[in-house]
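Enquirer: Dropping in run.txt, which is compact mmCIF, C-alpha atoms:
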# COMPACT_ATOMS: atom_id res chain seq x y z
CA MET A 1 191.31 40.31 86.52
CA ALA A 2 191.13 42.79 83.69
CA LYS A 3 191.47 41.46 80.16
CA LEU A 4 193.01 42.98 77.10
CA LYS A 5 191.16 43.85 73.95
CA VAL A 6 193.42 43.05 71.02
CA GLU A 7 193.15 44.18 67.42
CA VAL A 8 195.61 43.40 64.67
CA ILE A 9 194.87 45.46 61.58
CA THR A 10 196.61 46.13 58.30
CA GLY A 11 195.95 48.57 55.50
CA GLU A 12 193.64 45.99 53.95
CA ARG A 13 191.72 44.31 56.72
CA VAL A 14 191.23 43.37 60.34
CA VAL A 15 193.44 40.32 60.79
CA TYR A 16 192.63 39.47 64.39
CA GLU A 17 190.22 40.68 67.03
CA ALA A 18 189.54 39.47 70.56
CA ASP A 19 188.56 41.05 73.86
CA ASP A 20 189.46 38.44 76.47
CA VAL A 21 193.22 38.27 76.16
CA ASP A 22 195.54 37.84 79.14
CA MET A 23 198.89 38.64 77.60
CA VAL A 24 200.41 39.81 74.34
CA VAL A 25 204.03 39.56 73.25
CA VAL A 26 205.16 41.47 70.17
CA PRO A 27 208.48 41.99 68.39
CA GLY A 28 209.21 45.64 69.18
CA ALA A 29 211.80 47.59 67.23
CA GLU A 30 213.91 47.80 70.40
CA GLY A 31 213.33 44.26 71.56
CA THR A 32 210.45 42.03 72.53
CA ILE A 33 207.60 43.74 74.37
CA GLY A 34 205.27 41.90 76.71
CA ILE A 35 201.94 43.48 77.57
CA LEU A 36 199.70 42.58 80.47
CA PRO A 37 196.46 44.28 81.45
CA ARG A 38 196.90 47.78 82.95
CA HIS A 39 200.00 48.42 80.92
CA ALA A 40 201.05 52.07 80.66
CA PRO A 41 200.07 53.88 77.43
CA LEU A 42 202.65 53.10 74.79
CA ILE A 43 203.35 53.53 71.12
CA SER A 44 206.22 51.59 69.64
CA LEU A 45 207.57 50.62 66.27
CA LEU A 46 207.52 46.92 65.44
CA SER A 47 210.06 44.80 63.68
CA MET A 48 209.18 41.49 62.07
CA GLY A 49 208.54 38.38 64.07
CA GLU A 50 206.07 36.32 66.00
CA MET A 51 203.26 37.95 67.92
CA ARG A 52 201.91 35.77 70.70
CA ILE A 53 198.46 36.12 72.15
CA ARG A 54 197.64 34.26 75.35
CA LYS A 55 194.12 33.54 76.53
CA GLY A 56 193.80 31.41 79.64
CA ASN A 57 195.87 28.32 78.96
CA GLY A 58 195.75 28.68 75.20
CA GLU A 59 198.09 30.65 73.07
CA GLU A 60 198.17 31.50 69.42
CA SER A 61 200.68 33.16 67.18
CA LEU A 62 200.59 35.59 64.30
CA ALA A 63 203.37 36.61 61.96
CA VAL A 64 203.77 40.39 61.87
CA PHE A 65 206.06 42.35 59.62
CA GLY A 66 206.75 45.89 60.74
CA GLY A 67 204.34 48.60 61.77
CA PHE A 68 203.23 50.00 65.10
CA ILE A 69 201.72 48.94 68.36
CA GLU A 70 199.53 51.21 70.42
CA VAL A 71 198.57 50.30 73.98
CA ALA A 72 196.16 52.28 76.11
CA HIS A 73 193.38 51.53 78.60
CA ASN A 74 193.68 47.76 78.13
CA VAL A 75 193.37 48.03 74.37
CA VAL A 76 196.24 46.69 72.30
CA ARG A 77 196.20 47.78 68.69
CA VAL A 78 198.74 46.45 66.25
CA LEU A 79 198.91 48.40 63.00
CA ALA A 80 201.02 46.03 60.96
CA ASP A 81 202.48 46.61 57.52
CA THR A 82 201.65 42.96 56.93
CA ALA A 83 200.21 40.39 59.33
CA GLU A 84 199.11 36.80 58.93
CA ARG A 85 197.41 34.37 61.23
CA ALA A 86 199.14 31.05 61.61
CA GLU A 87 196.41 29.17 59.75
CA GLU A 88 196.68 31.51 56.78
CA ILE A 89 200.32 30.70 56.20
CA ASP A 90 201.09 28.31 53.40
CA ILE A 91 203.99 26.28 54.77
CA ALA A 92 205.02 24.89 51.39
CA ARG A 93 205.14 28.36 49.91
CA ALA A 94 207.09 29.79 52.84
CA GLU A 95 209.53 26.91 52.60
CA ALA A 96 210.00 27.53 48.88
CA ALA A 97 210.59 31.21 49.59
CA ARG A 98 213.15 30.33 52.23
CA GLN A 99 215.08 28.09 49.83
CA ARG A 100 214.96 30.68 47.07
CA ALA A 101 216.23 33.39 49.37
CA GLN A 102 218.94 31.14 50.73
CA ALA A 103 220.13 30.24 47.25
CA ARG A 104 220.28 33.90 46.33
CA LEU A 105 222.26 34.69 49.47
CA GLN A 106 224.87 32.13 48.53
CA GLU A 107 225.46 33.70 45.14
CA ARG A 108 227.66 36.75 44.96
CA THR A 109 225.18 39.42 44.06
CA ALA A 110 224.80 43.17 44.17
CA GLU A 111 224.36 44.80 47.55
CA ILE A 112 220.72 45.71 47.02
CA ASP A 113 219.76 42.20 45.90
CA ARG A 114 221.51 40.85 48.92
CA ALA A 115 219.51 43.10 51.24
CA ARG A 116 216.28 42.02 49.59
CA ALA A 117 217.18 38.37 49.75
CA GLU A 118 218.06 38.74 53.42
CA ALA A 119 214.71 40.37 54.14
CA ALA A 120 212.89 37.66 52.22
CA PHE A 121 214.85 35.02 54.10
CA ARG A 122 213.91 36.49 57.46
CA ARG A 123 210.26 36.83 56.45
CA SER A 124 210.11 33.20 55.40
CA LEU A 125 211.66 32.12 58.72
CA VAL A 126 209.05 34.05 60.68
CA ARG A 127 206.25 32.47 58.65
CA LEU A 128 207.65 28.98 59.05
CA HIS A 129 208.16 29.44 62.77
CA VAL A 130 204.61 30.65 63.34
CA ALA A 131 202.99 28.05 61.12
CA ARG A 132 204.96 25.15 62.58
CA LYS A 133 204.24 26.25 66.11
CA ARG A 134 200.54 26.09 65.35
CA ARG A 135 200.95 22.60 63.97
CA ALA A 136 202.84 21.50 67.03
CA ARG A 137 200.15 22.96 69.27
CA ALA A 138 197.40 21.31 67.28
CA GLY A 139 199.24 18.03 67.71
CA LEU A 140 199.21 18.50 71.46
CA GLY A 141 195.52 19.22 71.58
CA ALA A 142 193.63 22.42 72.25
CA VAL A 143 194.50 25.63 70.51
CA GLY A 144 193.52 28.53 72.70
CA GLY A 145 191.28 31.31 71.55
CA SER A 146 188.40 31.44 69.18
CA LEU A 147 188.87 32.58 65.64
CA GLU A 148 185.43 33.83 64.76
CA GLN A 149 186.63 36.96 62.95
CA PRO A 150 185.41 36.67 59.36
CA GLN A 151 188.05 37.01 56.74
CA VAL A 152 188.05 39.93 54.34
CA THR A 153 190.91 38.96 52.13
CA GLY A 154 192.30 41.29 49.53
CA MET B 155 163.55 53.08 -2.29
CA PRO B 156 165.25 50.13 -0.57
CA GLN B 157 163.39 46.89 -0.75
CA ALA B 158 161.10 46.24 2.21
CA VAL B 159 162.81 44.22 4.95
CA THR B 160 161.53 40.68 4.92
CA PRO B 161 160.09 39.17 8.09
CA ARG B 162 162.88 36.65 8.11
CA GLU B 163 165.54 39.36 8.25
CA ILE B 164 163.72 41.12 11.05
CA ARG B 165 163.59 37.90 12.99
CA ARG B 166 167.31 37.48 12.61
CA ARG B 167 167.95 40.97 13.92
CA ILE B 168 165.68 40.37 16.90
CA ARG B 169 167.61 37.25 17.75
CA SER B 170 170.95 39.02 17.52
CA ILE B 171 169.81 41.93 19.68
CA ARG B 172 168.46 39.49 22.24
CA ASN B 173 171.89 37.91 22.42
CA THR B 174 173.48 41.30 22.96
CA ALA B 175 171.02 42.00 25.76
CA GLN B 176 171.96 38.71 27.38
CA ILE B 177 175.63 39.61 27.31
CA THR B 178 175.13 43.10 28.68
CA ARG B 179 172.92 41.73 31.41
CA ALA B 180 175.60 39.24 32.40
CA MET B 181 178.19 42.02 32.43
CA GLU B 182 175.91 44.10 34.60
CA MET B 183 175.67 41.33 37.16
CA VAL B 184 179.41 40.72 37.16
CA ALA B 185 180.03 44.44 37.63
CA ALA B 186 177.49 44.54 40.48
CA SER B 187 179.24 41.80 42.40
CA LYS B 188 182.67 43.35 41.82
CA MET B 189 181.33 46.66 42.99
CA ARG B 190 180.04 45.16 46.22
CA ARG B 191 183.41 43.57 46.82
CA ALA B 192 185.20 46.86 46.18
CA GLN B 193 182.90 48.63 48.62
CA GLN B 194 183.66 45.99 51.24
CA GLN B 195 187.34 46.59 50.66
CA VAL B 196 186.91 50.30 51.23
CA VAL B 197 185.17 49.55 54.53
CA ALA B 198 187.75 46.94 55.57
CA ALA B 199 190.59 49.39 54.97
CA ARG B 200 189.04 52.07 57.15
CA PRO B 201 190.08 51.07 60.72
CA TYR B 202 193.78 51.11 59.87
CA ALA B 203 193.52 54.38 57.97
CA ASP B 204 191.61 56.03 60.81
CA ARG B 205 194.18 55.00 63.42
CA ILE B 206 197.16 56.08 61.33
CA ARG B 207 195.48 59.41 60.69
CA ALA B 208 194.70 59.96 64.38
CA MET B 209 198.22 59.08 65.46
CA ILE B 210 199.80 61.41 62.91
CA GLY B 211 197.53 64.24 63.93
CA ASP B 212 198.40 63.85 67.60
CA LEU B 213 202.09 63.36 67.04
CA ALA B 214 202.39 66.32 64.72
CA ALA B 215 200.58 68.44 67.30
CA MET B 216 202.70 67.35 70.25
CA THR B 217 206.16 66.97 68.78
CA SER B 218 208.21 69.98 69.62
CA PRO B 219 209.77 72.16 68.60
CA ALA B 220 207.45 72.79 65.70
CA GLU B 221 210.39 73.56 63.40
CA GLU B 222 211.52 70.01 63.73
CA ILE B 223 208.21 68.86 62.30
CA ARG B 224 208.32 71.31 59.45
CA ASN B 225 211.74 69.99 58.56
CA PHE B 226 210.44 66.49 58.00
CA PRO B 227 211.10 65.78 54.34
CA LEU B 228 207.57 64.51 53.66
CA LEU B 229 205.97 67.54 55.33
CA ALA B 230 208.16 70.17 53.66
CA LYS B 231 206.12 73.03 52.26
CA ARG B 232 207.90 74.75 49.40
CA PRO B 233 206.59 77.21 46.85
CA ILE B 234 204.91 74.92 44.31
CA ARG B 235 206.68 75.21 40.97
CA ARG B 236 207.08 71.58 40.06
CA VAL B 237 204.09 69.25 40.16
CA GLN B 238 203.43 65.55 39.79
CA VAL B 239 199.97 64.19 39.06
CA ILE B 240 198.92 60.60 39.69
CA MET B 241 196.02 59.89 37.38
CA ILE B 242 193.86 56.86 38.22
CA THR B 243 191.72 55.49 35.40
CA SER B 244 190.37 52.02 34.71
CA ASP B 245 192.07 49.35 32.63
CA ARG B 246 188.92 48.47 30.73
CA GLY B 247 186.23 50.46 29.01
CA LEU B 248 182.46 49.96 28.72
CA ALA B 249 182.08 52.00 31.87
CA GLY B 250 180.05 54.91 30.58
CA ALA B 251 181.64 58.32 30.92
CA LEU B 252 183.89 57.28 33.81
CA ASN B 253 187.28 57.70 32.15
CA THR B 254 186.18 60.58 29.93
CA ASN B 255 185.08 62.52 32.99
CA LEU B 256 188.27 61.74 34.82
CA ILE B 257 190.50 62.73 31.95
CA ARG B 258 188.53 65.92 31.42
CA ARG B 259 189.01 66.77 35.09
CA ALA B 260 192.73 66.02 34.85
CA VAL B 261 193.12 68.27 31.81
CA GLU B 262 191.23 71.02 33.57
CA PHE B 263 193.52 70.70 36.56
CA MET B 264 196.70 70.57 34.52
CA MET B 265 195.78 73.43 32.21
CA HIS B 266 193.83 75.82 34.39
CA GLU B 267 194.27 75.07 38.09
CA ARG B 268 197.97 74.44 38.11
CA PRO B 269 200.16 76.69 40.17
CA GLU B 270 201.76 79.59 38.32
CA PRO B 271 204.51 79.96 37.39
CA LEU B 272 204.95 76.28 36.67
CA GLU B 273 208.44 75.05 35.88
CA HIS B 274 207.73 71.38 35.48
CA PHE B 275 205.02 68.83 35.66
CA ASP B 276 204.77 65.13 34.99
CA ILE B 277 202.21 62.39 35.27
CA VAL B 278 202.10 58.89 36.73
CA ALA B 279 199.46 56.85 34.94
CA VAL B 280 197.51 54.21 36.83
CA GLY B 281 195.17 52.24 34.57
CA ARG B 282 195.45 51.51 30.88
CA LYS B 283 192.79 53.94 29.65
CA GLY B 284 194.58 56.92 31.10
CA ARG B 285 197.95 55.61 30.02
CA ASP B 286 196.79 55.17 26.41
CA TRP B 287 195.34 58.64 26.38
CA LEU B 288 198.50 60.22 27.77
CA VAL B 289 200.61 58.44 25.17
CA ARG B 290 198.30 59.38 22.31
CA TYR B 291 198.37 63.06 23.15
CA GLY B 292 201.99 63.18 24.18
CA TRP B 293 201.68 64.18 27.83
CA PRO B 294 204.84 63.88 29.95
CA MET B 295 204.38 60.51 31.61
CA VAL B 296 207.09 59.30 34.02
CA ALA B 297 205.64 55.96 35.09
CA GLU B 298 202.72 53.69 34.28
CA PHE B 299 200.92 51.05 36.29
CA THR B 300 198.39 49.00 34.37
CA ARG B 301 196.60 45.69 34.81
CA ILE B 302 195.41 46.64 38.26
CA SER B 303 193.42 43.84 39.84
CA ASP B 304 189.70 44.20 40.54
CA HIS B 305 190.50 43.79 44.22
CA PRO B 306 193.92 45.35 44.58
CA SER B 307 196.07 44.63 47.62
CA ILE B 308 197.90 47.46 49.31
CA GLU B 309 201.13 46.14 47.78
CA VAL B 310 199.93 47.48 44.45
CA ILE B 311 200.25 51.08 45.52
CA ARG B 312 203.56 50.78 47.39
CA PRO B 313 205.73 51.37 44.30
CA ILE B 314 203.51 54.28 43.28
CA ALA B 315 203.88 55.81 46.73
CA GLU B 316 207.62 55.26 46.53
CA ILE B 317 207.97 57.11 43.24
CA ALA B 318 205.93 60.03 44.50
CA SER B 319 207.78 60.21 47.82
CA ALA B 320 211.23 59.92 46.21
CA ASP B 321 210.45 62.62 43.64
CA PHE B 322 209.10 64.86 46.36
CA VAL B 323 211.94 64.35 48.80
CA SER B 324 214.61 64.80 46.13
CA GLY B 325 213.02 68.12 45.15
CA ARG B 326 212.16 66.97 41.65
CA VAL B 327 208.61 68.03 42.44
CA ASP B 328 207.17 70.34 45.11
CA ALA B 329 203.75 68.73 45.32
CA VAL B 330 202.00 65.53 44.26
CA PHE B 331 198.30 65.35 43.48
CA VAL B 332 196.10 62.33 42.89
CA ILE B 333 193.21 62.61 40.46
CA TYR B 334 190.78 59.76 40.94
CA THR B 335 187.09 58.98 40.73
CA HIS B 336 185.39 59.37 44.07
CA PHE B 337 182.61 56.89 44.78
CA ILE B 338 179.53 58.70 46.10
CA ASN B 339 176.94 56.02 45.47
CA THR B 340 176.00 53.50 42.81
CA LEU B 341 174.64 56.17 40.51
CA ARG B 342 177.10 58.95 41.25
CA GLN B 343 180.85 59.10 41.00
CA GLU B 344 182.86 62.22 40.51
CA PRO B 345 186.47 62.96 39.68
CA ARG B 346 188.38 64.54 42.55
CA VAL B 347 191.81 65.97 43.21
CA LEU B 348 193.65 65.07 46.41
CA GLN B 349 196.93 66.53 47.57
CA LEU B 350 199.17 63.62 48.51
CA LEU B 351 202.39 65.53 49.15
CA PRO B 352 203.44 67.45 51.09
CA VAL B 353 201.51 65.60 53.78
CA GLU B 354 199.05 67.82 55.60
CA PRO B 355 198.84 66.39 59.10
CA PRO B 356 195.21 66.07 60.21
CA GLU B 357 194.02 67.90 63.31
CA GLY B 358 195.25 66.27 66.50
CA VAL B 359 192.80 65.38 69.24
CA GLY B 360 195.45 65.09 71.93
CA GLU B 361 194.77 61.53 73.06
CA ILE B 362 198.33 60.44 73.32
CA ALA B 363 200.07 63.22 75.21
CA ASP B 364 201.37 61.06 78.07
CA TYR B 365 202.34 57.97 76.10
CA ILE B 366 205.66 56.20 76.20
CA PHE B 367 207.26 56.22 72.77
CA GLU B 368 209.72 53.66 71.53
CA PRO B 369 212.17 54.68 70.23
CA SER B 370 210.89 58.32 70.27
CA PRO B 371 207.94 60.43 69.10
CA VAL B 372 209.97 61.74 66.20
CA ALA B 373 210.98 58.24 65.09
CA VAL B 374 207.37 57.06 65.28
CA LEU B 375 206.12 60.03 63.28
CA GLN B 376 208.83 59.47 60.71
CA ALA B 377 207.71 55.85 60.31
CA LEU B 378 204.02 56.81 60.20
CA LEU B 379 204.28 59.29 57.34
CA PRO B 380 205.03 56.79 54.55
CA ARG B 381 202.19 54.60 55.85
CA PHE B 382 199.86 57.59 55.79
CA ILE B 383 200.75 58.28 52.15
CA GLU B 384 200.10 54.64 51.28
CA VAL B 385 196.80 54.63 53.11
CA GLN B 386 195.60 57.70 51.25
CA LEU B 387 196.72 56.39 47.91
CA TYR B 388 195.17 53.00 48.60
CA ARG B 389 191.86 54.60 49.44
CA THR B 390 191.80 56.57 46.19
CA LEU B 391 192.53 53.38 44.28
CA LEU B 392 189.76 51.45 46.04
CA GLU B 393 187.34 54.29 45.40
CA ALA B 394 188.34 54.30 41.75
CA VAL B 395 187.77 50.55 41.49
CA ALA B 396 184.36 50.79 43.16
CA SER B 397 183.49 53.68 40.82
CA GLU B 398 184.60 51.73 37.77
CA HIS B 399 182.38 48.77 38.55
CA SER B 400 179.35 50.81 39.47
CA ALA B 401 179.74 52.94 36.32
CA ARG B 402 179.99 49.77 34.26
CA MET B 403 177.01 48.25 36.01
CA VAL B 404 174.85 51.28 35.19
CA ALA B 405 176.14 51.47 31.61
CA MET B 406 175.37 47.80 31.06
CA ARG B 407 171.93 48.13 32.61
CA ASN B 408 171.15 50.95 30.17
CA ALA B 409 172.50 48.91 27.29
CA THR B 410 170.29 45.98 28.25
CA GLN B 411 167.27 48.25 28.47
CA ASN B 412 168.01 49.79 25.08
CA ALA B 413 168.38 46.38 23.53
CA LEU B 414 165.07 45.22 24.95
CA ASP B 415 163.34 48.40 23.74
CA LEU B 416 164.73 47.73 20.31
CA VAL B 417 163.49 44.14 20.42
CA GLY B 418 160.02 45.48 21.25
CA GLU B 419 160.02 47.83 18.29
CA LEU B 420 161.34 45.22 15.93
CA THR B 421 158.76 42.69 17.08
CA LEU B 422 156.05 45.19 16.17
CA THR B 423 157.61 45.75 12.76
CA TYR B 424 157.95 42.03 12.33
CA ASN B 425 154.30 41.38 13.10
CA LYS B 426 153.21 44.10 10.70
CA ALA B 427 155.44 42.74 7.96
CA ARG B 428 154.16 39.22 8.53
CA GLN B 429 150.57 40.45 8.48
CA ALA B 430 151.22 42.31 5.24
CA GLN B 431 152.77 39.25 3.72
CA ILE B 432 149.81 37.03 4.68
CA THR B 433 147.35 39.61 3.39
CA ARG B 434 149.24 39.80 0.14
CA GLU B 435 149.35 36.04 -0.23
CA VAL B 436 145.66 35.67 0.55
CA SER B 437 144.72 38.33 -1.94
CA GLU B 438 146.96 36.71 -4.56
CA ILE B 439 145.35 33.35 -3.97
CA ALA B 440 141.90 34.91 -4.06
CA ALA B 441 142.75 36.73 -7.26
CA GLY B 442 144.09 33.49 -8.75
CA ALA B 443 140.99 31.60 -7.71
CA ASN B 444 138.78 34.31 -9.16
CA ALA B 445 140.69 34.24 -12.39
CA LEU B 446 140.41 30.47 -12.58
CA GLY B 447 136.69 30.69 -11.77
CA SER B 448 136.02 33.16 -14.58
CA VAL B 449 137.84 30.93 -17.10
CA GLN B 450 135.73 27.90 -16.15
CA ALA B 451 132.48 29.81 -16.22
Can you present the structure in this file as structure tokens?
Expert:
Amino acid sequence: MAKLKVEVITGERVVYEADDVDMVVVPGAEGTIGILPRHAPLISLLSMGEMRIRKGNGEESLAVFGGFIEVAHNVVRVLADTAERAEEIDIARAEAARQRAQARLQERTAEIDRARAEAAFRRSLVRLHVARKRRARAGLGAVGGSLEQPQVTG
Amino acid sequence: MPQAVTPREIRRRIRSIRNTAQITRAMEMVAASKMRRAQQQVVAARPYADRIRAMIGDLAAMTSPAEEIRNFPLLAKRPIRRVQVIMITSDRGLAGALNTNLIRRAVEFMMHERPEPLEHFDIVAVGRKGRDWLVRYGWPMVAEFTRISDHPSIEVIRPIAEIASADFVSGRVDAVFVIYTHFINTLRQEPRVLQLLPVEPPEGVGEIADYIFEPSPVAVLQALLPRFIEVQLYRTLLEAVASEHSARMVAMRNATQNALDLVGELTLTYNKARQAQITREVSEIAAGANALGSVQA
């Protein structure tokens, strides 16, 4: 069966690259989008959330925050505003961000601060979800997919 | 006539110049490694930029009717009467003629190449050297961004892009230009002017004519434009950073060479002075011995 080539790139770097993927699930702006090989050509906006990449029996997750997805000829390209692999996420930091945002949401603050705190809150939840899922998977054993892409951090 | 320099003083100067050479050599090596990193960043940023560019080109070509495209706020072409310039310099000096060249180019642009008649122009300063210069000579600066990291993330340019886009969309300015130092190679960098706004969509290649768009082609294009502005701005900043470090590397290499040349010259002078001193002492001793000899005789 045909496989998918997957690239997740941001303005700074290539975050993820693989060419033997069976399924991708991304948070589309209009709802979750699942992509299997031979998907019709598509360009969609992304919202923030978990991106799941399945290879054989293994699955891994990335946190993506806005951007675009382009699908054509079994190539899936995610052009994210920001994207992080599960192992790059600092759980303690995300947790601290969540608490900060939550505290700010409980205060009565100006509308714009509220919107920013809400966005920060949602971002921290996505990060925590993705990072914890990886931990849970690691606890259960194999994590699917190889991660040989070298890191070019900014 | 000043008193002849003593060998001891010359030796002290040699030592001090050697120390300077050591420092400039260290700075050269630091700059070289930062330059390599900056070049890697430029390369790493390319895939995203290329895709965004290609998608914009195709979408702008296919979205119809064409008037709808021209009415996009970030694409609006108006007669240019009001201009904003984003001037990218380095935070630190000791980089040869880098900032001087850039500022000279900016002045040239603002004084001689600006659109006429000009009703208004203002400047966004990126980098402390440019900012200081603008303040000293009283240019109309509307925003400043200093203390830019040696390996800036794309977040750094988001507020800059926001200012430019907001001023353009509100009609405060009709065009935004970036003046930055383009990195050609280690030995050559040149100041360049790039039009950031209005966005000029690149040529489409028509790859995506039969795609499904969610929510719609227009919505996707609308979301792509701000990213395209960021990508372009980010590239100019990365080029400027790479240019800064390579200019500094070359300047420091020259400084090291000059210092070593100077040490060579001074060593020669030192040896001559030492020789002269020994000769003088020997002849004094000989003269003394002779004098003594003639008394005894």
Enquirer: Enumerate, in order of chain and increasing residue number, the residues of segment 53-138 of chain A with an atom no farther than 10 Å from segment 192-208 of chain B, each with its shortest atom pair and distance in Å to one decimal, counting only C-alpha atoms, as a Markdown table.
Expert:
| residue | atom | partner | partner_atom | distance |
| --- | --- | --- | --- | --- |
| A:Phe68 | CA | B:Ile206 | CA | 9.4 |
| A:Glu70 | CA | B:Arg205 | CA | 9.6 |
| A:Arg77 | CA | B:Arg205 | CA | 9.2 |
| A:Val78 | CA | B:Tyr202 | CA | 9.3 |
| A:Leu79 | CA | B:Tyr202 | CA | 6.6 |
| A:Ala80 | CA | B:Tyr202 | CA | 8.9 |
Enquirer: Find the residues near Phe275 of chain B: any atom within 10 Å, counting only C-alpha atoms, skip ones fewer than 5 places away on the same chain, and give them as number ranges by chain.
Expert: B: 235-239, 264, 268, 293-296, 326-330
Enquirer: Write the residues of the selection above to a file with C-alpha atoms, as a short mmCIF file (atom, residue, chain, number, x, y, z; two decimals), in the coordinates of the input.
Expert:
data_model
loop_
_atom_site.label_atom_id
_atom_site.label_comp_id
_atom_site.auth_asym_id
_atom_site.auth_seq_id
_atom_site.Cartn_x
_atom_site.Cartn_y
_atom_site.Cartn_z
CA ARG B 235 206.68 75.21 40.97
CA ARG B 236 207.08 71.58 40.06
CA VAL B 237 204.09 69.25 40.16
CA GLN B 238 203.43 65.55 39.79
CA VAL B 239 199.97 64.19 39.06
CA MET B 264 196.70 70.57 34.52
CA ARG B 268 197.97 74.44 38.11
CA TRP B 293 201.68 64.18 27.83
CA PRO B 294 204.84 63.88 29.95
CA MET B 295 204.38 60.51 31.61
CA VAL B 296 207.09 59.30 34.02
CA ARG B 326 212.16 66.97 41.65
CA VAL B 327 208.61 68.03 42.44
CA ASP B 328 207.17 70.34 45.11
CA ALA B 329 203.75 68.73 45.32
CA VAL B 330 202.00 65.53 44.26
#
Enquirer: Which protein, DNA or RNA residues are at most 12 Å from (190.5, 52.6, 39.4) in the file's coordinates when you count all atoms listed in the file, listed as a ChimeraX atom specification?
Expert: /B:189,192,240-247,249,252-253,256,279-284,299-306,310-311,332-337,343,345,387-401
Enquirer: Give me the residues near segment 83-93 of chain A as a PyMOL selection string, where near means some atom within 7 Å (using only C-alpha atoms) and where sequence neighbours in that chain fewer than 3 positions away do not count.
Expert: chain A and resi 10+15+61-65+80+96-97+127-128+130-131+134
Enquirer: Residues at most 6 Å from segment 34-43 of chain A, counting all atoms listed in the file, excluding those fewer than 2 positions away in the same chain, as a list in words?
Expert: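 Final neighbour list, sorted by chain and number: Ala2, Lys3, Leu4, Met23, Val24, Val25, Ile69, Glu70, Val71, Ala72 and Asn74 of chain A; Tyr365, Ile366 and Phe367 of chain B.
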Enquirer: At most 8 Å from (206.7, 62.2, 48.8), file frame, only C-alpha atoms: which residues, as a ChimeraX atom specification?
Expert: /B:227-228,315-323,329-330,350-353,383
Enquirer: Given all atoms listed in the file as the basis, pick out the residue of B:Arg312, B:Arg232, B:Arg342, B:Arg290 nearest to chain A.
Expert: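 Closest candidate: B:Arg312.
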Enquirer: At what distance in Å, to one decimal, does atom CA of His73 of chain A lie from atom CA of Gly49 of chain A?
Expert: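 For atom CA of Gly49 of chain A relative to atom CA of His73 of chain A, the distance reads 24.8 Å.
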